[in-house]
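Structure below is final-v4.txt: compact mmCIF, C-alpha atoms.
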```txt
# COMPACT_ATOMS: atom_id res chain seq x y z
CA MET A 1 77.75 90.10 162.03
CA GLU A 2 78.91 93.14 160.15
CA TYR A 3 76.28 95.73 159.31
CA ASN A 4 76.10 98.05 156.32
CA LEU A 5 74.35 101.40 155.87
CA LYS A 6 71.12 99.83 154.63
CA HIS A 7 71.01 97.62 157.73
CA TYR A 8 71.48 100.66 159.96
CA ALA A 9 68.75 102.58 158.12
CA TYR A 10 66.33 99.65 158.33
CA ILE A 11 66.84 99.20 162.07
CA GLY A 12 66.97 102.96 162.65
CA ASP A 13 63.54 103.37 161.09
CA CYS A 14 62.09 100.83 163.55
CA VAL A 15 63.87 102.27 166.58
CA TRP A 16 62.76 105.81 165.72
CA GLU A 17 59.13 104.78 165.31
CA LEU A 18 59.16 102.91 168.63
CA PHE A 19 60.75 105.92 170.35
CA ILE A 20 58.07 108.25 168.98
CA ARG A 21 55.26 105.84 169.84
CA LYS A 22 56.53 105.72 173.43
CA ILE A 23 56.28 109.52 173.59
CA ALA A 24 52.85 109.45 171.93
CA ILE A 25 51.36 107.21 174.62
CA LYS A 26 52.70 109.59 177.29
CA LYS A 27 50.96 112.51 175.59
CA THR A 28 47.49 111.07 174.99
CA LYS A 29 45.27 108.09 175.57
CA LEU A 30 43.29 108.55 172.37
CA GLN A 31 44.30 106.14 169.61
CA THR A 32 43.63 108.67 166.86
CA LYS A 33 45.77 111.31 168.55
CA MET A 34 48.57 108.80 169.15
CA HIS A 35 48.56 107.97 165.46
CA GLU A 36 48.51 111.64 164.42
CA TYR A 37 51.36 112.43 166.77
CA SER A 38 53.43 109.47 165.60
CA THR A 39 52.97 110.12 161.91
CA SER A 40 53.94 113.76 162.38
CA PHE A 41 57.40 112.63 163.55
CA VAL A 42 57.84 109.38 161.65
CA CYS A 43 58.11 110.96 158.22
CA ALA A 44 60.97 112.01 155.98
CA LYS A 45 60.28 115.73 156.36
CA LYS A 46 60.48 115.72 160.16
CA GLN A 47 63.44 113.34 160.24
CA SER A 48 65.35 115.58 157.82
CA GLU A 49 64.61 118.58 160.07
CA ILE A 50 65.77 116.72 163.17
CA VAL A 51 69.01 115.49 161.63
CA ASN A 52 69.86 119.10 160.77
CA LEU A 53 69.19 120.08 164.40
CA ILE A 54 71.55 117.44 165.81
CA LEU A 55 74.49 117.89 163.42
CA ASP A 56 76.34 120.07 165.93
CA LYS A 57 76.06 117.25 168.51
CA LEU A 58 77.81 114.70 166.28
CA ASN A 59 81.46 113.75 166.58
CA PRO A 60 83.61 113.47 163.43
CA GLU A 61 82.96 109.71 163.03
CA GLU A 62 79.20 110.25 163.34
CA LEU A 63 79.30 113.15 160.87
CA ALA A 64 81.11 110.95 158.36
CA LEU A 65 78.50 108.21 158.87
CA GLN A 66 75.69 110.75 158.42
CA LYS A 67 77.22 111.94 155.14
CA ARG A 68 77.60 108.37 153.90
CA GLY A 69 73.98 107.69 154.86
CA ARG A 70 72.88 110.85 153.08
CA ASN A 71 74.55 109.59 149.89
CA LEU A 72 73.08 106.09 150.15
CA LYS A 73 71.21 105.11 147.00
CA ILE A 74 67.56 104.66 147.90
CA THR A 75 64.40 104.20 145.90
CA ILE A 76 61.74 106.82 146.51
CA ASN A 77 58.41 107.71 145.00
CA LYS A 78 58.66 110.32 142.23
CA LYS A 79 56.40 112.72 144.14
CA ASN A 80 58.83 112.88 147.08
CA ASN A 81 61.77 115.24 147.41
CA PRO A 82 65.04 113.27 147.03
CA LYS A 83 67.01 115.76 149.18
CA ILE A 84 64.59 115.37 152.10
CA HIS A 85 64.61 111.59 151.79
CA SER A 86 68.40 111.49 151.68
CA LEU A 87 68.60 113.49 154.92
CA ALA A 88 65.92 111.31 156.53
CA THR A 89 67.84 108.20 155.51
CA SER A 90 71.01 109.62 157.05
CA PHE A 91 69.06 110.14 160.29
CA GLU A 92 67.84 106.54 160.24
CA VAL A 93 71.40 105.34 159.57
CA LEU A 94 72.61 107.18 162.67
CA ILE A 95 69.78 105.87 164.86
CA GLY A 96 70.37 102.32 163.63
CA PHE A 97 74.12 102.60 164.11
CA TRP A 98 73.74 103.81 167.67
CA TYR A 99 71.15 101.14 168.45
CA LEU A 100 73.39 98.35 167.17
CA GLU A 101 76.79 99.72 168.17
CA ASP A 102 76.44 102.25 171.01
CA LYS A 103 73.19 102.22 173.01
CA LYS A 104 74.56 104.73 175.52
CA ARG A 105 75.06 107.26 172.72
CA LEU A 106 71.60 106.43 171.34
CA ASP A 107 70.04 107.17 174.73
CA GLU A 108 72.00 110.42 174.95
CA ILE A 109 70.85 111.66 171.53
CA LEU A 110 67.24 110.50 171.98
CA SER A 111 67.08 112.23 175.37
CA TYR A 112 68.34 115.41 173.76
CA ILE A 113 65.81 115.11 170.94
CA GLU A 114 62.94 114.47 173.35
CA SER A 115 63.75 117.31 175.72
CA ASP A 116 65.19 119.99 173.43
CA ILE A 117 63.57 119.38 170.05
CA ILE A 118 60.27 117.56 170.42
CA ASN A 119 59.12 119.40 173.53
CA LEU A 120 59.86 122.89 172.24
```

Please, can you express the file's structure as structure tokens?
Amino acid sequence: MEYNLKHYAYIGDCVWELFIRKIAIKKTKLQTKMHEYSTSFVCAKKQSEIVNLILDKLNPEELALQKRGRNLKITINKKNNPKIHSLATSFEVLIGFWYLEDKKRLDEILSYIESDIINL
């Protein structure tokens, strides 16, 4: 099957949430705290911040994919910032792409995010 940017974003959203939930259960046993932790990272604002922090780790192909994902037409609520959502979508596109096409690279980037960004 051939995937498009919306497929990558859809899968990337799921993979990112699962990754964050895995970290959340390492950090606390309290359900409320797990939820608070997860929602603090599984949101457009945080995803847009993280994608900006990993841009220097991306190769030219990944940068081109991120830019295409950033320009993907998406529907968002009027109260949300379109620029932030576009960046968050580009992050989800990358995560989904790596999950479906290059799991080794996904593990590499997620390890970097966990050790150098999340645990600052």

### Task
Find the distance between CA of Tyr99 in chain A and CA of Glu49 in chain A and write it in Å to one decimal.
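Taking CA of Tyr99 in chain A as the start and CA of Glu49 in chain A as the end point, the length is 20.4 Å.
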
### Task
Compile the contact shell of range 77-81 of chain A as a list in words: residues with an atom at most 10 Å away, counting all atoms listed in the file, same-chain residues fewer than 5 positions apart removed.
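Contacts, in chain order: Ala44, Lys45 and Ser86 of chain A.
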
### Query
Skipping near chain neighbours, those fewer than 5 positions away, what residues fall within 6 Å of range 33-38 of chain A using all atoms listed in the file, listed as a list in words?
Ile20, Arg21 and Ala24 of chain A

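Between CA of Thr75 in chain A and CA of Ile117 in chain A the separation is 28.5 Å.
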
### Query
Quick one: distance from CA of Ile118 in chain A to CA of Val93 in chain A in Å, one decimal?
19.8 Å

Within 12 Å of Ile50 in chain A, counting only C-alpha atoms, which residues show up once you throw out same-chain ones fewer than 3 positions away? Write them as an mmCIF file with C-alpha atoms, in the frame of the given file, please.
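Generated output (part-v7.cif):
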```
data_model
loop_
_atom_site.group_PDB
_atom_site.id
_atom_site.type_symbol
_atom_site.label_atom_id
_atom_site.label_comp_id
_atom_site.auth_asym_id
_atom_site.auth_seq_id
_atom_site.Cartn_x
_atom_site.Cartn_y
_atom_site.Cartn_z
ATOM 1 C CA TRP A 16 62.760 105.810 165.720
ATOM 2 C CA PHE A 41 57.400 112.630 163.550
ATOM 3 C CA VAL A 42 57.840 109.380 161.650
ATOM 4 C CA CYS A 43 58.110 110.960 158.220
ATOM 5 C CA ALA A 44 60.970 112.010 155.980
ATOM 6 C CA LYS A 45 60.280 115.730 156.360
ATOM 7 C CA LYS A 46 60.480 115.720 160.160
ATOM 8 C CA GLN A 47 63.440 113.340 160.240
ATOM 9 C CA LEU A 53 69.190 120.080 164.400
ATOM 10 C CA ILE A 54 71.550 117.440 165.810
ATOM 11 C CA LEU A 55 74.490 117.890 163.420
ATOM 12 C CA ASP A 56 76.340 120.070 165.930
ATOM 13 C CA LYS A 57 76.060 117.250 168.510
ATOM 14 C CA ILE A 84 64.590 115.370 152.100
ATOM 15 C CA LEU A 87 68.600 113.490 154.920
ATOM 16 C CA ALA A 88 65.920 111.310 156.530
ATOM 17 C CA THR A 89 67.840 108.200 155.510
ATOM 18 C CA SER A 90 71.010 109.620 157.050
ATOM 19 C CA PHE A 91 69.060 110.140 160.290
ATOM 20 C CA GLU A 92 67.840 106.540 160.240
ATOM 21 C CA LEU A 94 72.610 107.180 162.670
ATOM 22 C CA ILE A 95 69.780 105.870 164.860
ATOM 23 C CA ILE A 109 70.850 111.660 171.530
ATOM 24 C CA LEU A 110 67.240 110.500 171.980
ATOM 25 C CA TYR A 112 68.340 115.410 173.760
ATOM 26 C CA ILE A 113 65.810 115.110 170.940
ATOM 27 C CA GLU A 114 62.940 114.470 173.350
ATOM 28 C CA ASP A 116 65.190 119.990 173.430
ATOM 29 C CA ILE A 117 63.570 119.380 170.050
ATOM 30 C CA ILE A 118 60.270 117.560 170.420
#
```

### Query
Closest to Gly96 in chain A among A:Ala9, A:Leu72, A:Leu63, A:Leu18, using only C-alpha atoms?
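For Gly96 in chain A, the nearest of the candidates is A:Ala9.
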
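Checking A:Lys104, A:Pro82, A:Arg68, A:Lys26 one by one against Asn4 in chain A, counting all atoms listed in the file, you find the shortest gap at A:Arg68.
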
Put the listed atoms of range 14-29 of chain A in a box along x, y and z with 6 Å added on every side and give me the centre and edge lengths in Å to one decimal, as lines of an AutoDock Vina configuration file.
```
center_x = 54.6
center_y = 106.7
center_z = 170.4
size_x = 30.6
size_y = 23.7
size_z = 25.7
```

### Task
Compare A:Lys22, A:Ser40, A:Leu106, A:His85 by their minimum atom-to-atom distance to Glu62 in chain A, counting only C-alpha atoms, and give me the closest one.
A:Leu106

### Task
Choose the residue, out of A:Leu5, A:Leu58, A:Leu100, A:Ile25, that has the smallest atom-to-atom separation from Lys73 in chain A; count all atoms listed in the file.
A:Leu5

### Task
Pick out the closest residue to Gly12 in chain A from this set: A:Lys103, A:Lys83, A:Ser115, A:Trp98. Count all atoms listed in the file.
A:Trp98

#### Entry: Minimum-distance residue to Gly69 in chain A, chosen among A:Asn119, A:Tyr10, A:Thr28, A:Glu2 (using only C-alpha atoms)
A:Tyr10

Could you please fill out range 80-91 of chain A with all heavy atoms and send it back as a short mmCIF file (atom, residue, chain, number, x, y, z; two decimals), in the frame of the given file?
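New file part-v7.cif:
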```cif
data_model
loop_
_atom_site.label_atom_id
_atom_site.label_comp_id
_atom_site.auth_asym_id
_atom_site.auth_seq_id
_atom_site.Cartn_x
_atom_site.Cartn_y
_atom_site.Cartn_z
N ASN A 80 58.08 112.47 145.89
CA ASN A 80 58.83 112.88 147.08
C ASN A 80 60.11 113.61 146.71
O ASN A 80 60.70 113.37 145.66
CB ASN A 80 59.15 111.66 147.95
CG ASN A 80 57.89 111.04 148.51
OD1 ASN A 80 56.98 111.76 148.91
ND2 ASN A 80 57.82 109.73 148.54
N ASN A 81 60.56 114.45 147.60
CA ASN A 81 61.77 115.24 147.41
C ASN A 81 63.00 114.38 147.75
O ASN A 81 63.17 113.98 148.90
CB ASN A 81 61.70 116.47 148.31
CG ASN A 81 62.86 117.39 148.15
OD1 ASN A 81 63.99 116.97 147.90
ND2 ASN A 81 62.60 118.67 148.30
N PRO A 82 63.88 114.13 146.78
CA PRO A 82 65.04 113.27 147.03
C PRO A 82 65.98 113.82 148.11
O PRO A 82 66.56 113.06 148.88
CB PRO A 82 65.76 113.22 145.68
CG PRO A 82 64.81 113.73 144.69
CD PRO A 82 63.80 114.56 145.40
N LYS A 83 66.12 115.14 148.18
CA LYS A 83 67.01 115.76 149.18
C LYS A 83 66.50 115.48 150.60
O LYS A 83 67.27 115.13 151.49
CB LYS A 83 67.11 117.26 148.92
CG LYS A 83 68.30 117.91 149.55
CD LYS A 83 68.42 119.34 149.09
CE LYS A 83 69.60 119.39 148.15
NZ LYS A 83 69.92 120.73 147.68
N ILE A 84 65.19 115.64 150.78
CA ILE A 84 64.59 115.37 152.10
C ILE A 84 64.73 113.90 152.46
O ILE A 84 65.10 113.56 153.59
CB ILE A 84 63.10 115.81 152.11
CG1 ILE A 84 63.03 117.34 152.11
CG2 ILE A 84 62.36 115.23 153.30
CD1 ILE A 84 61.63 117.90 151.95
N HIS A 85 64.49 113.02 151.52
CA HIS A 85 64.61 111.59 151.79
C HIS A 85 66.04 111.17 152.08
O HIS A 85 66.28 110.31 152.93
CB HIS A 85 64.01 110.77 150.65
CG HIS A 85 62.56 110.50 150.85
ND1 HIS A 85 62.08 109.42 151.54
CD2 HIS A 85 61.47 111.21 150.49
CE1 HIS A 85 60.76 109.47 151.59
NE2 HIS A 85 60.37 110.55 150.95
N SER A 86 66.99 111.80 151.41
CA SER A 86 68.40 111.49 151.68
C SER A 86 68.78 111.89 153.10
O SER A 86 69.46 111.14 153.81
CB SER A 86 69.30 112.22 150.69
OG SER A 86 69.12 111.70 149.40
N LEU A 87 68.33 113.06 153.54
CA LEU A 87 68.60 113.49 154.92
C LEU A 87 67.91 112.58 155.93
O LEU A 87 68.48 112.22 156.96
CB LEU A 87 68.17 114.94 155.12
CG LEU A 87 69.11 115.99 154.58
CD1 LEU A 87 68.46 117.37 154.64
CD2 LEU A 87 70.43 115.99 155.34
N ALA A 88 66.66 112.21 155.63
CA ALA A 88 65.92 111.31 156.53
C ALA A 88 66.62 109.96 156.63
O ALA A 88 66.73 109.38 157.72
CB ALA A 88 64.49 111.14 156.05
N THR A 89 67.12 109.47 155.51
CA THR A 89 67.84 108.20 155.51
C THR A 89 69.11 108.31 156.35
O THR A 89 69.44 107.40 157.12
CB THR A 89 68.18 107.76 154.08
OG1 THR A 89 66.96 107.59 153.36
CG2 THR A 89 68.96 106.45 154.07
N SER A 90 69.79 109.44 156.25
CA SER A 90 71.01 109.62 157.05
C SER A 90 70.68 109.62 158.54
O SER A 90 71.45 109.11 159.36
CB SER A 90 71.74 110.90 156.65
OG SER A 90 71.10 112.06 157.11
N PHE A 91 69.52 110.17 158.90
CA PHE A 91 69.06 110.14 160.29
C PHE A 91 68.81 108.71 160.74
O PHE A 91 69.25 108.29 161.82
CB PHE A 91 67.80 110.99 160.43
CG PHE A 91 67.22 111.01 161.80
CD1 PHE A 91 67.86 111.68 162.83
CD2 PHE A 91 66.02 110.38 162.08
CE1 PHE A 91 67.32 111.72 164.11
CE2 PHE A 91 65.47 110.42 163.35
CZ PHE A 91 66.13 111.08 164.37
#
```
